[in-house]
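Novice: Below is entry_8.cif; it holds mmCIF, C-alpha atoms.
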data_data
loop_
_atom_site.label_atom_id
_atom_site.label_comp_id
_atom_site.auth_asym_id
_atom_site.auth_seq_id
_atom_site.Cartn_x
_atom_site.Cartn_y
_atom_site.Cartn_z
CA VAL N 1 -33.94 -60.46 48.09
CA GLN N 2 -32.78 -58.40 51.05
CA LEU N 3 -34.30 -58.54 54.50
CA GLN N 4 -33.69 -55.67 56.89
CA ALA N 5 -34.57 -56.40 60.49
CA SER N 6 -34.77 -53.84 63.26
CA GLY N 7 -36.15 -53.32 66.75
CA GLY N 8 -33.90 -55.45 68.90
CA GLY N 9 -32.34 -54.23 72.11
CA LEU N 10 -32.15 -54.56 75.87
CA VAL N 11 -35.36 -54.84 77.86
CA GLN N 12 -36.22 -55.79 81.41
CA PRO N 13 -38.20 -58.93 82.19
CA GLY N 14 -41.88 -58.28 81.66
CA GLY N 15 -41.19 -55.61 79.08
CA SER N 16 -42.05 -55.39 75.39
CA LEU N 17 -40.27 -54.99 72.09
CA ARG N 18 -41.43 -54.84 68.50
CA LEU N 19 -39.32 -56.28 65.73
CA SER N 20 -39.74 -55.27 62.10
CA CYS N 21 -38.44 -56.90 58.94
CA ALA N 22 -38.74 -55.26 55.54
CA ALA N 23 -38.15 -57.25 52.38
CA SER N 24 -36.84 -55.69 49.18
CA GLY N 25 -35.42 -56.79 45.86
CA SER N 26 -36.78 -59.55 43.61
CA ILE N 27 -39.85 -60.28 45.67
CA PHE N 28 -42.36 -62.57 44.01
CA GLY N 29 -44.36 -65.60 44.95
CA ILE N 30 -44.04 -65.06 48.71
CA ASN N 31 -45.46 -67.97 50.65
CA ALA N 32 -44.70 -66.86 54.18
CA MET N 33 -42.58 -64.62 56.35
CA GLY N 34 -41.55 -65.23 59.87
CA TRP N 35 -39.12 -65.07 62.74
CA TYR N 36 -36.64 -67.57 64.10
CA ARG N 37 -34.23 -67.21 66.98
CA ARG N 38 -31.00 -68.70 68.23
CA SER N 39 -30.15 -68.58 71.91
CA PRO N 40 -26.57 -69.07 73.11
CA GLY N 41 -25.63 -72.72 72.77
CA GLN N 42 -28.92 -73.61 71.08
CA GLN N 43 -30.03 -74.37 67.56
CA ARG N 44 -32.10 -71.89 65.62
CA GLU N 45 -35.79 -72.40 66.28
CA LEU N 46 -39.05 -71.15 64.82
CA VAL N 47 -40.68 -68.34 66.79
CA ALA N 48 -43.60 -67.35 64.58
CA LEU N 49 -44.66 -67.59 60.96
CA ILE N 50 -47.41 -65.96 58.92
CA ASN N 51 -48.42 -66.99 55.40
CA THR N 52 -50.02 -64.97 52.66
CA GLY N 53 -53.45 -66.09 53.79
CA GLY N 54 -52.82 -64.70 57.26
CA THR N 55 -52.50 -68.06 58.96
CA THR N 56 -50.07 -67.91 61.85
CA ASN N 57 -47.94 -70.49 63.61
CA TYR N 58 -46.20 -69.95 66.94
CA ALA N 59 -43.74 -71.82 69.07
CA ASP N 60 -45.42 -73.06 72.23
CA SER N 61 -43.02 -71.05 74.34
CA VAL N 62 -44.27 -67.73 72.93
CA LYS N 63 -47.99 -68.37 72.47
CA GLY N 64 -50.06 -65.72 74.20
CA ARG N 65 -47.08 -63.37 74.51
CA PHE N 66 -45.88 -62.77 70.94
CA THR N 67 -47.94 -61.65 67.96
CA ILE N 68 -46.82 -61.77 64.35
CA SER N 69 -48.39 -59.54 61.73
CA ARG N 70 -47.62 -58.34 58.24
CA ASP N 71 -48.15 -55.40 55.94
CA SER N 72 -48.29 -56.94 52.48
CA ALA N 73 -48.18 -53.58 50.73
CA LYS N 74 -44.85 -52.84 52.43
CA ASN N 75 -43.54 -56.44 52.33
CA THR N 76 -42.93 -56.07 56.02
CA VAL N 77 -43.48 -58.47 58.89
CA TYR N 78 -43.66 -57.50 62.55
CA LEU N 79 -43.21 -59.37 65.80
CA GLN N 80 -44.77 -57.80 68.87
CA MET N 81 -43.16 -59.36 71.93
CA ASN N 82 -44.82 -58.81 75.31
CA SER N 83 -44.14 -60.20 78.77
CA LEU N 84 -40.58 -60.92 77.77
CA LYS N 85 -38.59 -63.42 79.80
CA PRO N 86 -34.83 -63.90 80.18
CA GLU N 87 -35.14 -67.12 78.18
CA ASP N 88 -36.32 -65.04 75.20
CA THR N 89 -32.80 -63.66 74.95
CA ALA N 90 -31.53 -64.57 71.50
CA VAL N 91 -30.59 -63.34 68.08
CA TYR N 92 -33.82 -63.07 66.12
CA TYR N 93 -33.74 -63.76 62.39
CA CYS N 94 -36.31 -62.82 59.81
CA LYS N 95 -37.05 -65.31 57.04
CA LEU N 96 -38.93 -65.03 53.77
CA GLU N 97 -40.16 -68.27 52.16
CA ARG N 98 -41.12 -68.31 48.50
CA GLU N 99 -43.62 -70.61 46.87
CA ASP N 100 -40.80 -72.27 44.93
CA GLY N 101 -39.31 -73.40 48.25
CA ILE N 102 -36.43 -70.97 48.32
CA GLY N 103 -35.87 -69.19 51.62
CA PHE N 104 -34.02 -65.97 52.42
CA TRP N 105 -32.62 -64.91 55.79
CA GLY N 106 -32.00 -61.54 57.33
CA LYS N 107 -28.85 -60.83 59.34
CA GLY N 108 -30.48 -61.02 62.74
CA THR N 109 -31.18 -58.61 65.54
CA LEU N 110 -30.19 -59.19 69.17
CA VAL N 111 -32.83 -59.21 71.88
CA THR N 112 -31.55 -59.23 75.45
CA VAL N 113 -33.97 -59.62 78.35
CA SER N 114 -32.23 -58.80 81.60
CA SER N 115 -32.63 -56.72 84.72
#
Just give me the structure of the file as structure tokens.

Specialist:
Amino acid sequence: VQLQASGGGLVQPGGSLRLSCAASGSIFGINAMGWYRRSPGQQRELVALINTGGTTNYADSVKGRFTISRDSAKNTVYLQMNSLKPEDTAVYYCKLEREDGIGFWGKGTLVTVSS
């Protein structure tokens, strides 16, 4: 399984970015796809997750600002990030979780929120 993330970059506080992650390869039995992030000096944390039923889960720090969605036909998950804050600066990683419990990670895309 390969996960190709894109959409990171530099944005001013209050701005928006949209991350995309496309999965390819031996894709079967997907349980969920989502986004995690690691800020400098911090551990990787969950940002948002969406399962095959469409149920979503968000970190408290992003609720109301970020929206996760998926296109099942394209095996792609998106993260719309609005009202970005400097504390959202991090490397964002896409993850695919299979029903058998195996998880796959993308390489990460850097999001920098700065004026």

Novice: Run through the PyMOL selection byres ((chain N and resi 82-95) around 7) on the given coordinates and return the selected residues as a ChimeraX atom specification.

Specialist: /N:5,13-17,21,33-40,65-66,80-81,96-97,103-114

Novice: Enter the distance from CA of Leu19 (chain N) to CA of Gln42 (chain N), in Å, rounded to one decimal.

Specialist: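 Straight-line distance from CA of Leu19 (chain N) to CA of Gln42 (chain N) works out to 20.9 Å.
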
Novice: Can you list what the PyMOL selection byres ((chain N and resi 26) around 6) grabs from this structure, as a ChimeraX atom specification?

Specialist: /N:1,25,27

Novice: Determine the residue membership of the PyMOL selection byres ((chain N and resi 22) around 6) for the file above and supply it as a ChimeraX atom specification.

Specialist: /N:3-4,21,23,75-76

Novice: Provide the CA of Asp100 (chain N) to CA of Leu46 (chain N) distance in Å, to one decimal place.

Specialist: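 Separating CA of Asp100 (chain N) from CA of Leu46 (chain N) is a distance of 20.0 Å.
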
Novice: Neighbouring residues of Lys63 (chain N) were defined as those with any atom within 10 Å, considering only C-alpha atoms; residues of the same chain fewer than 5 positions away were excluded. Please report them as an NGL selection string.

Specialist: :N and (47-48 or 57-58)

Novice: Any idea what's packed within 6 Å of Glu99 (chain N), counting only C-alpha atoms, ignoring anything in its chain fewer than 4 positions away? Could you give it as a VMD selection string?

Specialist: chain N and resid 29 to 31

Novice: Emit the selected residues as a PDB file, keeping the file's coordinate frame, including C-alpha atoms.

Specialist:
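File written: selection_9.pdb
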ATOM      1  CA  GLY N  29     -44.360 -65.600  44.950  1.00  0.00           C
ATOM      2  CA  ILE N  30     -44.040 -65.060  48.710  1.00  0.00           C
ATOM      3  CA  ASN N  31     -45.460 -67.970  50.650  1.00  0.00           C
TER       4      ASN N  31
END

Novice: Which neighbours of Val77 (chain N) fall inside 6 Å, counting all atoms listed in the file, when residues of the same chain fewer than 6 positions from it are skipped, and could you give them as a ChimeraX atom specification?

Specialist: /N:20-21,69-70

Novice: Report the distance between CA of Asp71 (chain N) and CA of Arg18 (chain N) in Å, rounded to one decimal place.

Specialist: 14.3 Å
